[in-house]
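Containing mmCIF, C-alpha atoms: work_13.cif.
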```cif
data_data
#
loop_
_atom_site.group_PDB
_atom_site.id
_atom_site.type_symbol
_atom_site.label_atom_id
_atom_site.label_comp_id
_atom_site.auth_asym_id
_atom_site.auth_seq_id
_atom_site.Cartn_x
_atom_site.Cartn_y
_atom_site.Cartn_z
ATOM 1 C CA GLU K 1 42.205 83.724 104.702
ATOM 2 C CA ALA K 2 42.286 80.729 107.059
ATOM 3 C CA GLU K 3 45.674 79.128 107.563
ATOM 4 C CA VAL K 4 47.220 76.160 109.285
ATOM 5 C CA ALA K 5 49.156 77.287 112.344
ATOM 6 C CA GLN K 6 52.256 75.562 113.677
ATOM 7 C CA SER K 7 54.519 76.236 116.616
ATOM 8 C CA PRO K 8 57.292 76.613 117.327
ATOM 9 C CA ARG K 9 58.720 77.732 113.989
ATOM 10 C CA TYR K 10 62.221 76.713 115.025
ATOM 11 C CA LYS K 11 63.469 74.284 117.623
ATOM 12 C CA ILE K 12 67.031 73.429 118.580
ATOM 13 C CA THR K 13 67.541 70.553 120.954
ATOM 14 C CA GLU K 14 70.215 68.140 122.040
ATOM 15 C CA LYS K 15 70.019 64.481 121.185
ATOM 16 C CA SER K 16 68.161 62.332 123.713
ATOM 17 C CA GLN K 17 65.921 65.252 124.687
ATOM 18 C CA ALA K 18 62.173 65.306 124.112
ATOM 19 C CA VAL K 19 60.549 67.737 121.685
ATOM 20 C CA ALA K 20 56.953 68.495 120.813
ATOM 21 C CA PHE K 21 55.359 70.300 117.909
ATOM 22 C CA TRP K 22 51.859 71.721 117.758
ATOM 23 C CA CYS K 23 49.506 72.156 114.816
ATOM 24 C CA ASP K 24 46.156 73.921 114.566
ATOM 25 C CA PRO K 25 44.431 73.067 111.274
ATOM 26 C CA ILE K 26 42.013 75.235 109.360
ATOM 27 C CA SER K 27 38.730 75.319 111.234
ATOM 28 C CA GLY K 28 36.395 72.523 110.205
ATOM 29 C CA HIS K 29 39.027 70.469 108.428
ATOM 30 C CA ALA K 30 38.567 66.789 109.176
ATOM 31 C CA THR K 31 41.874 65.410 107.983
ATOM 32 C CA LEU K 32 45.233 66.330 109.439
ATOM 33 C CA TYR K 33 48.649 65.218 108.272
ATOM 34 C CA TRP K 34 52.152 65.362 109.711
ATOM 35 C CA TYR K 35 55.029 65.253 107.254
ATOM 36 C CA ARG K 36 58.788 65.267 107.621
ATOM 37 C CA GLN K 37 60.819 67.026 104.957
ATOM 38 C CA ILE K 38 64.546 66.499 104.785
ATOM 39 C CA LEU K 39 66.541 69.111 102.895
ATOM 40 C CA GLY K 40 66.546 68.382 99.189
ATOM 41 C CA GLN K 41 63.636 65.956 99.327
ATOM 42 C CA GLY K 42 59.892 66.086 99.113
ATOM 43 C CA PRO K 43 57.714 65.728 102.202
ATOM 44 C CA GLU K 44 57.297 62.247 103.654
ATOM 45 C CA LEU K 45 54.055 61.364 105.399
ATOM 46 C CA LEU K 46 54.452 60.403 109.051
ATOM 47 C CA VAL K 47 50.852 60.170 110.236
ATOM 48 C CA GLN K 48 47.370 60.923 108.997
ATOM 49 C CA PHE K 49 44.269 61.636 111.096
ATOM 50 C CA GLN K 50 40.620 61.585 110.180
ATOM 51 C CA ASP K 51 39.004 63.607 112.973
ATOM 52 C CA GLU K 52 40.548 62.137 116.129
ATOM 53 C CA SER K 53 41.395 58.747 114.657
ATOM 54 C CA VAL K 54 44.705 57.684 113.171
ATOM 55 C CA VAL K 55 44.150 56.585 109.586
ATOM 56 C CA ASP K 56 47.743 55.761 108.744
ATOM 57 C CA ASP K 57 50.862 55.815 110.876
ATOM 58 C CA SER K 58 52.767 53.125 109.026
ATOM 59 C CA GLN K 59 55.727 55.429 108.419
ATOM 60 C CA LEU K 60 55.884 56.842 111.928
ATOM 61 C CA PRO K 61 58.902 55.542 113.887
ATOM 62 C CA LYS K 62 56.784 54.487 116.828
ATOM 63 C CA ASP K 63 59.691 53.693 119.119
ATOM 64 C CA ARG K 64 60.346 57.413 119.470
ATOM 65 C CA PHE K 65 57.559 59.337 117.704
ATOM 66 C CA SER K 66 53.986 59.771 118.852
ATOM 67 C CA ALA K 67 51.102 61.863 117.581
ATOM 68 C CA GLU K 68 47.697 62.674 118.910
ATOM 69 C CA ARG K 69 44.635 64.662 117.963
ATOM 70 C CA LEU K 70 42.522 64.137 121.039
ATOM 71 C CA LYS K 71 39.495 66.294 120.234
ATOM 72 C CA GLY K 72 39.774 66.061 116.498
ATOM 73 C CA VAL K 73 41.006 69.628 116.200
ATOM 74 C CA ASP K 74 44.614 70.522 117.001
ATOM 75 C CA SER K 75 47.401 67.977 117.094
ATOM 76 C CA THR K 76 50.733 67.354 118.766
ATOM 77 C CA LEU K 77 53.701 65.442 117.392
ATOM 78 C CA LYS K 78 56.297 64.319 119.926
ATOM 79 C CA ILE K 79 59.778 62.890 119.576
ATOM 80 C CA GLN K 80 61.397 61.214 122.553
ATOM 81 C CA PRO K 81 64.327 60.843 122.517
ATOM 82 C CA ALA K 82 65.452 63.006 119.626
ATOM 83 C CA GLU K 83 68.274 61.717 117.433
ATOM 84 C CA LEU K 84 70.646 63.562 115.123
ATOM 85 C CA GLY K 85 68.862 62.119 112.094
ATOM 86 C CA ASP K 86 65.597 63.730 113.150
ATOM 87 C CA SER K 87 66.846 67.150 112.039
ATOM 88 C CA ALA K 88 64.336 68.203 109.396
ATOM 89 C CA MET K 89 61.330 70.395 108.690
ATOM 90 C CA TYR K 90 58.122 69.043 110.196
ATOM 91 C CA LEU K 91 55.063 70.091 108.237
ATOM 92 C CA CYS K 92 51.427 69.941 109.202
ATOM 93 C CA ALA K 93 48.649 69.980 106.629
ATOM 94 C CA SER K 94 44.887 69.791 106.801
ATOM 95 C CA GLY K 95 42.136 68.855 104.376
ATOM 96 C CA GLN K 96 38.443 69.579 104.413
ATOM 97 C CA GLY K 97 36.957 66.192 103.653
ATOM 98 C CA ALA K 98 37.826 62.569 103.971
ATOM 99 C CA ALA K 99 41.149 61.330 102.726
ATOM 100 C CA ASP K 100 40.394 60.526 99.120
ATOM 101 C CA LEU K 101 41.533 61.410 95.638
ATOM 102 C CA TYR K 102 40.125 64.923 95.872
ATOM 103 C CA ASN K 103 41.328 66.012 99.302
ATOM 104 C CA GLU K 104 43.385 69.130 98.681
ATOM 105 C CA GLN K 105 45.839 69.700 101.499
ATOM 106 C CA PHE K 106 46.697 73.085 102.988
ATOM 107 C CA PHE K 107 50.078 73.442 104.633
ATOM 108 C CA GLY K 108 51.369 75.291 107.641
ATOM 109 C CA PRO K 109 54.745 77.065 107.773
ATOM 110 C CA GLY K 110 56.474 74.108 109.384
ATOM 111 C CA THR K 111 58.757 73.627 112.381
ATOM 112 C CA ARG K 112 62.446 73.414 111.596
ATOM 113 C CA LEU K 113 64.081 71.024 114.072
ATOM 114 C CA THR K 114 67.818 70.928 114.618
ATOM 115 C CA VAL K 115 69.206 68.182 116.828
ATOM 116 C CA LEU K 116 72.733 68.769 118.134
ATOM 117 C CA ALA Y 1 55.694 51.237 95.243
ATOM 118 C CA GLN Y 2 54.396 54.446 93.768
ATOM 119 C CA SER Y 3 56.943 57.182 93.135
ATOM 120 C CA VAL Y 4 57.194 60.615 91.561
ATOM 121 C CA SER Y 5 60.258 61.772 89.637
ATOM 122 C CA GLN Y 6 61.176 65.357 88.958
ATOM 123 C CA HIS Y 7 63.866 65.496 86.357
ATOM 124 C CA ASN Y 8 65.788 68.559 87.423
ATOM 125 C CA HIS Y 9 66.790 69.462 90.962
ATOM 126 C CA HIS Y 10 67.944 72.936 89.969
ATOM 127 C CA VAL Y 11 66.945 75.156 87.069
ATOM 128 C CA ILE Y 12 68.331 78.623 86.368
ATOM 129 C CA LEU Y 13 66.632 80.855 83.817
ATOM 130 C CA SER Y 14 66.638 84.481 82.804
ATOM 131 C CA GLU Y 15 63.507 86.595 83.048
ATOM 132 C CA ALA Y 16 61.138 86.169 80.097
ATOM 133 C CA ALA Y 17 62.472 82.689 79.313
ATOM 134 C CA SER Y 18 60.006 79.847 78.914
ATOM 135 C CA LEU Y 19 59.796 77.215 81.619
ATOM 136 C CA GLU Y 20 59.039 73.523 81.586
ATOM 137 C CA LEU Y 21 59.550 71.351 84.662
ATOM 138 C CA GLY Y 22 59.215 67.634 84.196
ATOM 139 C CA CYS Y 23 57.233 65.298 86.420
ATOM 140 C CA ASN Y 24 56.656 61.577 85.943
ATOM 141 C CA TYR Y 25 54.915 59.141 88.226
ATOM 142 C CA SER Y 26 54.908 55.380 88.461
ATOM 143 C CA TYR Y 27 51.415 54.026 89.018
ATOM 144 C CA GLY Y 28 49.076 52.410 86.558
ATOM 145 C CA GLY Y 29 45.796 53.187 88.294
ATOM 146 C CA THR Y 30 43.829 56.378 88.710
ATOM 147 C CA VAL Y 31 45.674 59.379 90.071
ATOM 148 C CA ASN Y 32 45.010 62.981 90.807
ATOM 149 C CA LEU Y 33 47.924 65.306 90.271
ATOM 150 C CA PHE Y 34 49.196 68.460 91.902
ATOM 151 C CA TRP Y 35 51.916 71.041 91.643
ATOM 152 C CA TYR Y 36 52.831 72.878 94.822
ATOM 153 C CA VAL Y 37 55.137 75.863 95.111
ATOM 154 C CA GLN Y 38 57.190 77.101 98.037
ATOM 155 C CA TYR Y 39 58.437 80.674 97.753
ATOM 156 C CA PRO Y 40 61.459 81.624 99.878
ATOM 157 C CA GLY Y 41 60.425 81.859 103.510
ATOM 158 C CA GLN Y 42 56.843 80.819 102.827
ATOM 159 C CA HIS Y 43 54.848 77.643 103.238
ATOM 160 C CA LEU Y 44 53.831 75.194 100.545
ATOM 161 C CA GLN Y 45 50.873 76.337 98.511
ATOM 162 C CA LEU Y 46 48.889 74.782 95.714
ATOM 163 C CA LEU Y 47 49.789 75.990 92.227
ATOM 164 C CA LEU Y 48 47.380 73.825 90.241
ATOM 165 C CA LYS Y 49 45.700 70.438 90.236
ATOM 166 C CA TYR Y 50 44.254 67.919 87.820
ATOM 167 C CA PHE Y 51 41.310 65.737 88.749
ATOM 168 C CA SER Y 52 39.560 65.044 85.444
ATOM 169 C CA GLY Y 53 38.466 66.634 82.175
ATOM 170 C CA ASP Y 54 40.723 68.794 80.026
ATOM 171 C CA PRO Y 55 44.257 67.469 80.539
ATOM 172 C CA LEU Y 56 45.635 70.988 80.155
ATOM 173 C CA VAL Y 57 45.026 72.738 83.452
ATOM 174 C CA LYS Y 58 45.680 76.331 84.312
ATOM 175 C CA GLY Y 59 46.788 77.496 87.704
ATOM 176 C CA ILE Y 60 47.707 80.684 89.453
ATOM 177 C CA LYS Y 61 50.292 83.192 88.231
ATOM 178 C CA GLY Y 62 50.184 82.066 84.599
ATOM 179 C CA PHE Y 63 51.285 78.485 85.210
ATOM 180 C CA GLU Y 64 49.778 75.526 83.404
ATOM 181 C CA ALA Y 65 50.368 71.797 83.344
ATOM 182 C CA GLU Y 66 49.505 69.052 80.919
ATOM 183 C CA PHE Y 67 48.535 65.553 81.985
ATOM 184 C CA ILE Y 68 49.660 62.954 79.442
ATOM 185 C CA LYS Y 69 48.326 59.669 80.728
ATOM 186 C CA SER Y 70 50.211 57.513 78.219
ATOM 187 C CA LYS Y 71 53.486 59.006 79.381
ATOM 188 C CA PHE Y 72 52.591 59.115 83.085
ATOM 189 C CA SER Y 73 53.626 62.760 83.009
ATOM 190 C CA PHE Y 74 52.359 66.044 84.395
ATOM 191 C CA ASN Y 75 54.813 68.705 83.263
ATOM 192 C CA LEU Y 76 54.571 72.274 84.500
ATOM 193 C CA ARG Y 77 54.939 75.165 82.053
ATOM 194 C CA LYS Y 78 55.009 78.915 81.954
ATOM 195 C CA PRO Y 79 55.639 80.844 78.725
ATOM 196 C CA SER Y 80 57.525 83.742 80.292
ATOM 197 C CA VAL Y 81 58.973 83.585 83.790
ATOM 198 C CA GLN Y 82 59.471 86.474 86.159
ATOM 199 C CA TRP Y 83 62.005 87.048 88.903
ATOM 200 C CA SER Y 84 59.196 86.502 91.429
ATOM 201 C CA ASP Y 85 58.825 82.902 90.208
ATOM 202 C CA THR Y 86 62.011 82.012 92.064
ATOM 203 C CA ALA Y 87 60.864 79.190 94.319
ATOM 204 C CA GLU Y 88 60.897 75.447 94.835
ATOM 205 C CA TYR Y 89 58.305 73.485 92.868
ATOM 206 C CA PHE Y 90 56.965 70.102 93.922
ATOM 207 C CA CYS Y 91 54.966 67.642 91.874
ATOM 208 C CA ALA Y 92 52.703 65.290 93.838
ATOM 209 C CA VAL Y 93 50.124 62.623 93.055
ATOM 210 C CA ILE Y 94 47.337 60.935 94.977
ATOM 211 C CA PRO Y 95 46.866 57.363 93.745
ATOM 212 C CA ASP Y 96 43.558 55.600 94.222
ATOM 213 C CA SER Y 97 45.402 52.795 96.027
ATOM 214 C CA ASN Y 98 45.921 54.637 99.313
ATOM 215 C CA TYR Y 99 44.845 58.279 98.824
ATOM 216 C CA GLN Y 100 48.171 59.557 100.144
ATOM 217 C CA LEU Y 101 50.110 62.373 98.541
ATOM 218 C CA ILE Y 102 53.260 60.990 96.961
ATOM 219 C CA TRP Y 103 55.832 63.717 96.433
ATOM 220 C CA GLY Y 104 58.652 64.375 94.042
ATOM 221 C CA ALA Y 105 61.965 65.656 95.390
ATOM 222 C CA GLY Y 106 61.307 69.179 94.146
ATOM 223 C CA THR Y 107 62.939 71.512 91.626
ATOM 224 C CA LYS Y 108 64.584 74.705 92.766
ATOM 225 C CA LEU Y 109 63.982 77.402 90.194
ATOM 226 C CA ILE Y 110 66.136 80.513 90.166
ATOM 227 C CA ILE Y 111 65.220 83.383 87.874
ATOM 228 C CA LYS Y 112 67.983 85.835 87.089
ATOM 229 C CA PRO Y 113 66.741 89.443 86.803
#
```
Turn the structure described in the file into structure tokens.
Amino acid sequence: EAEVAQSPRYKITEKSQAVAFWCDPISGHATLYWYRQILGQGPELLVQFQDESVVDDSQLPKDRFSAERLKGVDSTLKIQPAELGDSAMYLCASGQGAADLYNEQFFGPGTRLTVL
Amino acid sequence: AQSVSQHNHHVILSEAASLELGCNYSYGGTVNLFWYVQYPGQHLQLLLKYFSGDPLVKGIKGFEAEFIKSKFSFNLRKPSVQWSDTAEYFCAVIPDSNYQLIWGAGTKLIIKP
């Protein structure tokens, strides 16, 4: 069964350092999503791609976060510099079709980030 | 702004008990609704979804949910829980305003053997 891959699974860094997370969606999936999930809360959308284009990044803190999906396949989320409040689980999801009412999302295992 | 409320953050039940987890959303337009589950150490996976038709939908592992439009609710049910149902359950909706998944805070379910 095809799955969304993410790496690393765990990352510990010191504040002010740069970190990067990688996501490989299910093959052929056009939409890709990055979420942040703080303990005890539901996921919060950071950025949404349709192929290689950003559809929505309104909730991405652009002063320190960046995301790209250059060839419309895998994606990288970067934080520079990391802050203590960035400690969270970062989830990647992909969907087969366009972002609409029917686009079921499939999730990867996530990257747990701890900022010291 | 659209939001999703899950009434209980933690639920503890004994095996064979019946389960109902509440979910309400705040949006007057068209929505599609989902329940996701996250078992310990595993990633989020879809439990069931409602797009249209019969408001009582059945999902995997004996779960079902009922969409009551007048109450803006999509409660999850299971008649008899098992120890293996221990997990965190998330309700989520996609509104037709922006097609983004709006999530509830989740309910941690613990089943005592």
Would you compute an axis-aligned box for stretch 68-78 of chain K, covering every atom listed for it in the file with 4 Å of margin on each side, and report centre and edge lengths in Å to one decimal as AutoDock Vina command-line options?
```
--center_x 47.9 --center_y 66.6 --center_z 118.6 --size_x 24.8 --size_y 15.8 --size_z 12.8
```
Residue IDs satisfying the PyMOL selection byres ((chain Y) within 7 of (chain K)), as a PyMOL selection string | chain Y and resi 32+42-45+94-96+99+103-106
Keeping C-alpha atoms, export the residues of the selection given above as a tab-separated table (two decimals), keeping the file's coordinate frame.
```
chain	number	residue	atom	x	y	z
Y	32	ASN	CA	45.01	62.98	90.81
Y	42	GLN	CA	56.84	80.82	102.83
Y	43	HIS	CA	54.85	77.64	103.24
Y	44	LEU	CA	53.83	75.19	100.54
Y	45	GLN	CA	50.87	76.34	98.51
Y	94	ILE	CA	47.34	60.94	94.98
Y	95	PRO	CA	46.87	57.36	93.74
Y	96	ASP	CA	43.56	55.60	94.22
Y	99	TYR	CA	44.84	58.28	98.82
Y	103	TRP	CA	55.83	63.72	96.43
Y	104	GLY	CA	58.65	64.38	94.04
Y	105	ALA	CA	61.96	65.66	95.39
Y	106	GLY	CA	61.31	69.18	94.15
```
Counting all atoms listed in the file, what is within 6 Å of stretch 35-38 of chain Y, bar same-chain residues fewer than 2 positions away, as a VMD selection string?
-> chain Y and resid 43 to 48 87 to 91
Go through the shown structure with the PyMOL selection byres ((chain Y and resi 109) around 9) and write out the matching residues as a short mmCIF file (atom, residue, chain, number, x, y, z; two decimals) with C-alpha atoms, in the frame of the given file.
```cif
data_model
loop_
_atom_site.label_atom_id
_atom_site.label_comp_id
_atom_site.auth_asym_id
_atom_site.auth_seq_id
_atom_site.Cartn_x
_atom_site.Cartn_y
_atom_site.Cartn_z
CA HIS Y 9 66.79 69.46 90.96
CA HIS Y 10 67.94 72.94 89.97
CA VAL Y 11 66.94 75.16 87.07
CA ILE Y 12 68.33 78.62 86.37
CA LEU Y 13 66.63 80.86 83.82
CA ASP Y 85 58.82 82.90 90.21
CA THR Y 86 62.01 82.01 92.06
CA ALA Y 87 60.86 79.19 94.32
CA GLU Y 88 60.90 75.45 94.84
CA TYR Y 89 58.30 73.48 92.87
CA THR Y 107 62.94 71.51 91.63
CA LYS Y 108 64.58 74.70 92.77
CA ILE Y 110 66.14 80.51 90.17
CA ILE Y 111 65.22 83.38 87.87
#
```
Would you list the residues near (61.7, 86.9, 80.0), meaning any protein, DNA or RNA residue with an atom at most 8 Å from that point in file coordinates, counting all atoms listed in the file, as a ChimeraX atom specification?
-> /Y:14-18,80-82
Write the residues of the preceding selection, restricted to C-alpha atoms, as a short mmCIF file (atom, residue, chain, number, x, y, z; two decimals), in the frame of the given file.
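Saved result, part16.cif, follows:
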```cif
data_model
loop_
_atom_site.label_atom_id
_atom_site.label_comp_id
_atom_site.auth_asym_id
_atom_site.auth_seq_id
_atom_site.Cartn_x
_atom_site.Cartn_y
_atom_site.Cartn_z
CA SER Y 14 66.64 84.48 82.80
CA GLU Y 15 63.51 86.60 83.05
CA ALA Y 16 61.14 86.17 80.10
CA ALA Y 17 62.47 82.69 79.31
CA SER Y 18 60.01 79.85 78.91
CA SER Y 80 57.52 83.74 80.29
CA VAL Y 81 58.97 83.58 83.79
CA GLN Y 82 59.47 86.47 86.16
#
```
Taken to one decimal, the atom CA of Y:Phe72-atom CA of K:Gln59 distance is 25.8 Å
Counting all atoms listed in the file, closest pick from K:Leu116, K:Leu46, K:Leu70, K:Val19 relative to K:Gly85 is K:Leu116
Long-range neighbours of Y:Gly28 as a PyMOL selection string, 12 Å cut-off, all atoms listed in the file, 5 positions minimum in chain = chain Y and resi 1-3+69-73+95-97
For the atom pair atom CA of Y:Lys78 and atom CA of Y:Leu21, what is the interatomic distance in Å to one decimal place?
->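 Between atom CA of Y:Lys78 and atom CA of Y:Leu21 the gap works out to 9.2 Å.
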With the input short on atoms, add N, CA and C atoms back to stretch 92-112 of chain Y and write it as a PDB file, in the frame of the given file.
```
ATOM      1  N   ALA Y  92      53.211  66.309  92.920  1.00  0.00           N
ATOM      2  CA  ALA Y  92      52.703  65.290  93.838  1.00  0.00           C
ATOM      3  C   ALA Y  92      51.483  64.621  93.221  1.00  0.00           C
ATOM      4  N   VAL Y  93      51.276  63.357  93.551  1.00  0.00           N
ATOM      5  CA  VAL Y  93      50.124  62.623  93.055  1.00  0.00           C
ATOM      6  C   VAL Y  93      49.418  61.936  94.208  1.00  0.00           C
ATOM      7  N   ILE Y  94      48.116  61.782  94.072  1.00  0.00           N
ATOM      8  CA  ILE Y  94      47.337  60.935  94.977  1.00  0.00           C
ATOM      9  C   ILE Y  94      46.867  59.744  94.154  1.00  0.00           C
ATOM     10  N   PRO Y  95      47.347  58.546  94.457  1.00  0.00           N
ATOM     11  CA  PRO Y  95      46.866  57.363  93.745  1.00  0.00           C
ATOM     12  C   PRO Y  95      45.605  56.822  94.406  1.00  0.00           C
ATOM     13  N   ASP Y  96      44.790  56.134  93.639  1.00  0.00           N
ATOM     14  CA  ASP Y  96      43.558  55.600  94.222  1.00  0.00           C
ATOM     15  C   ASP Y  96      43.817  54.358  95.073  1.00  0.00           C
ATOM     16  N   SER Y  97      45.088  53.968  95.211  1.00  0.00           N
ATOM     17  CA  SER Y  97      45.402  52.795  96.027  1.00  0.00           C
ATOM     18  C   SER Y  97      45.406  53.116  97.517  1.00  0.00           C
ATOM     19  N   ASN Y  98      45.841  54.320  97.882  1.00  0.00           N
ATOM     20  CA  ASN Y  98      45.921  54.637  99.313  1.00  0.00           C
ATOM     21  C   ASN Y  98      45.560  56.084  99.643  1.00  0.00           C
ATOM     22  N   TYR Y  99      45.264  56.897  98.616  1.00  0.00           N
ATOM     23  CA  TYR Y  99      44.845  58.279  98.824  1.00  0.00           C
ATOM     24  C   TYR Y  99      45.861  59.125  99.584  1.00  0.00           C
ATOM     25  N   GLN Y 100      47.138  58.753  99.508  1.00  0.00           N
ATOM     26  CA  GLN Y 100      48.171  59.557 100.144  1.00  0.00           C
ATOM     27  C   GLN Y 100      48.918  60.350  99.086  1.00  0.00           C
ATOM     28  N   LEU Y 101      49.319  61.564  99.450  1.00  0.00           N
ATOM     29  CA  LEU Y 101      50.110  62.373  98.541  1.00  0.00           C
ATOM     30  C   LEU Y 101      51.518  61.797  98.440  1.00  0.00           C
ATOM     31  N   ILE Y 102      51.908  61.458  97.221  1.00  0.00           N
ATOM     32  CA  ILE Y 102      53.260  60.990  96.961  1.00  0.00           C
ATOM     33  C   ILE Y 102      54.005  62.142  96.299  1.00  0.00           C
ATOM     34  N   TRP Y 103      55.146  62.501  96.863  1.00  0.00           N
ATOM     35  CA  TRP Y 103      55.832  63.717  96.433  1.00  0.00           C
ATOM     36  C   TRP Y 103      57.081  63.432  95.612  1.00  0.00           C
ATOM     37  N   GLY Y 104      57.350  64.345  94.673  1.00  0.00           N
ATOM     38  CA  GLY Y 104      58.652  64.375  94.042  1.00  0.00           C
ATOM     39  C   GLY Y 104      59.651  65.083  94.947  1.00  0.00           C
ATOM     40  N   ALA Y 105      60.907  65.065  94.559  1.00  0.00           N
ATOM     41  CA  ALA Y 105      61.965  65.656  95.390  1.00  0.00           C
ATOM     42  C   ALA Y 105      62.026  67.171  95.270  1.00  0.00           C
ATOM     43  N   GLY Y 106      61.331  67.728  94.295  1.00  0.00           N
ATOM     44  CA  GLY Y 106      61.307  69.179  94.146  1.00  0.00           C
ATOM     45  C   GLY Y 106      62.325  69.683  93.139  1.00  0.00           C
ATOM     46  N   THR Y 107      62.018  70.818  92.533  1.00  0.00           N
ATOM     47  CA  THR Y 107      62.939  71.512  91.626  1.00  0.00           C
ATOM     48  C   THR Y 107      63.093  72.946  92.113  1.00  0.00           C
ATOM     49  N   LYS Y 108      64.323  73.324  92.362  1.00  0.00           N
ATOM     50  CA  LYS Y 108      64.584  74.705  92.766  1.00  0.00           C
ATOM     51  C   LYS Y 108      64.776  75.543  91.509  1.00  0.00           C
ATOM     52  N   LEU Y 109      63.936  76.525  91.353  1.00  0.00           N
ATOM     53  CA  LEU Y 109      63.982  77.402  90.194  1.00  0.00           C
ATOM     54  C   LEU Y 109      64.530  78.760  90.616  1.00  0.00           C
ATOM     55  N   ILE Y 110      65.563  79.193  89.917  1.00  0.00           N
ATOM     56  CA  ILE Y 110      66.136  80.513  90.166  1.00  0.00           C
ATOM     57  C   ILE Y 110      65.998  81.320  88.891  1.00  0.00           C
ATOM     58  N   ILE Y 111      65.385  82.495  89.022  1.00  0.00           N
ATOM     59  CA  ILE Y 111      65.220  83.383  87.874  1.00  0.00           C
ATOM     60  C   ILE Y 111      66.172  84.558  88.042  1.00  0.00           C
ATOM     61  N   LYS Y 112      67.032  84.727  87.057  1.00  0.00           N
ATOM     62  CA  LYS Y 112      67.983  85.835  87.089  1.00  0.00           C
ATOM     63  C   LYS Y 112      67.296  87.087  86.542  1.00  0.00           C
TER      64      LYS Y 112
END
```
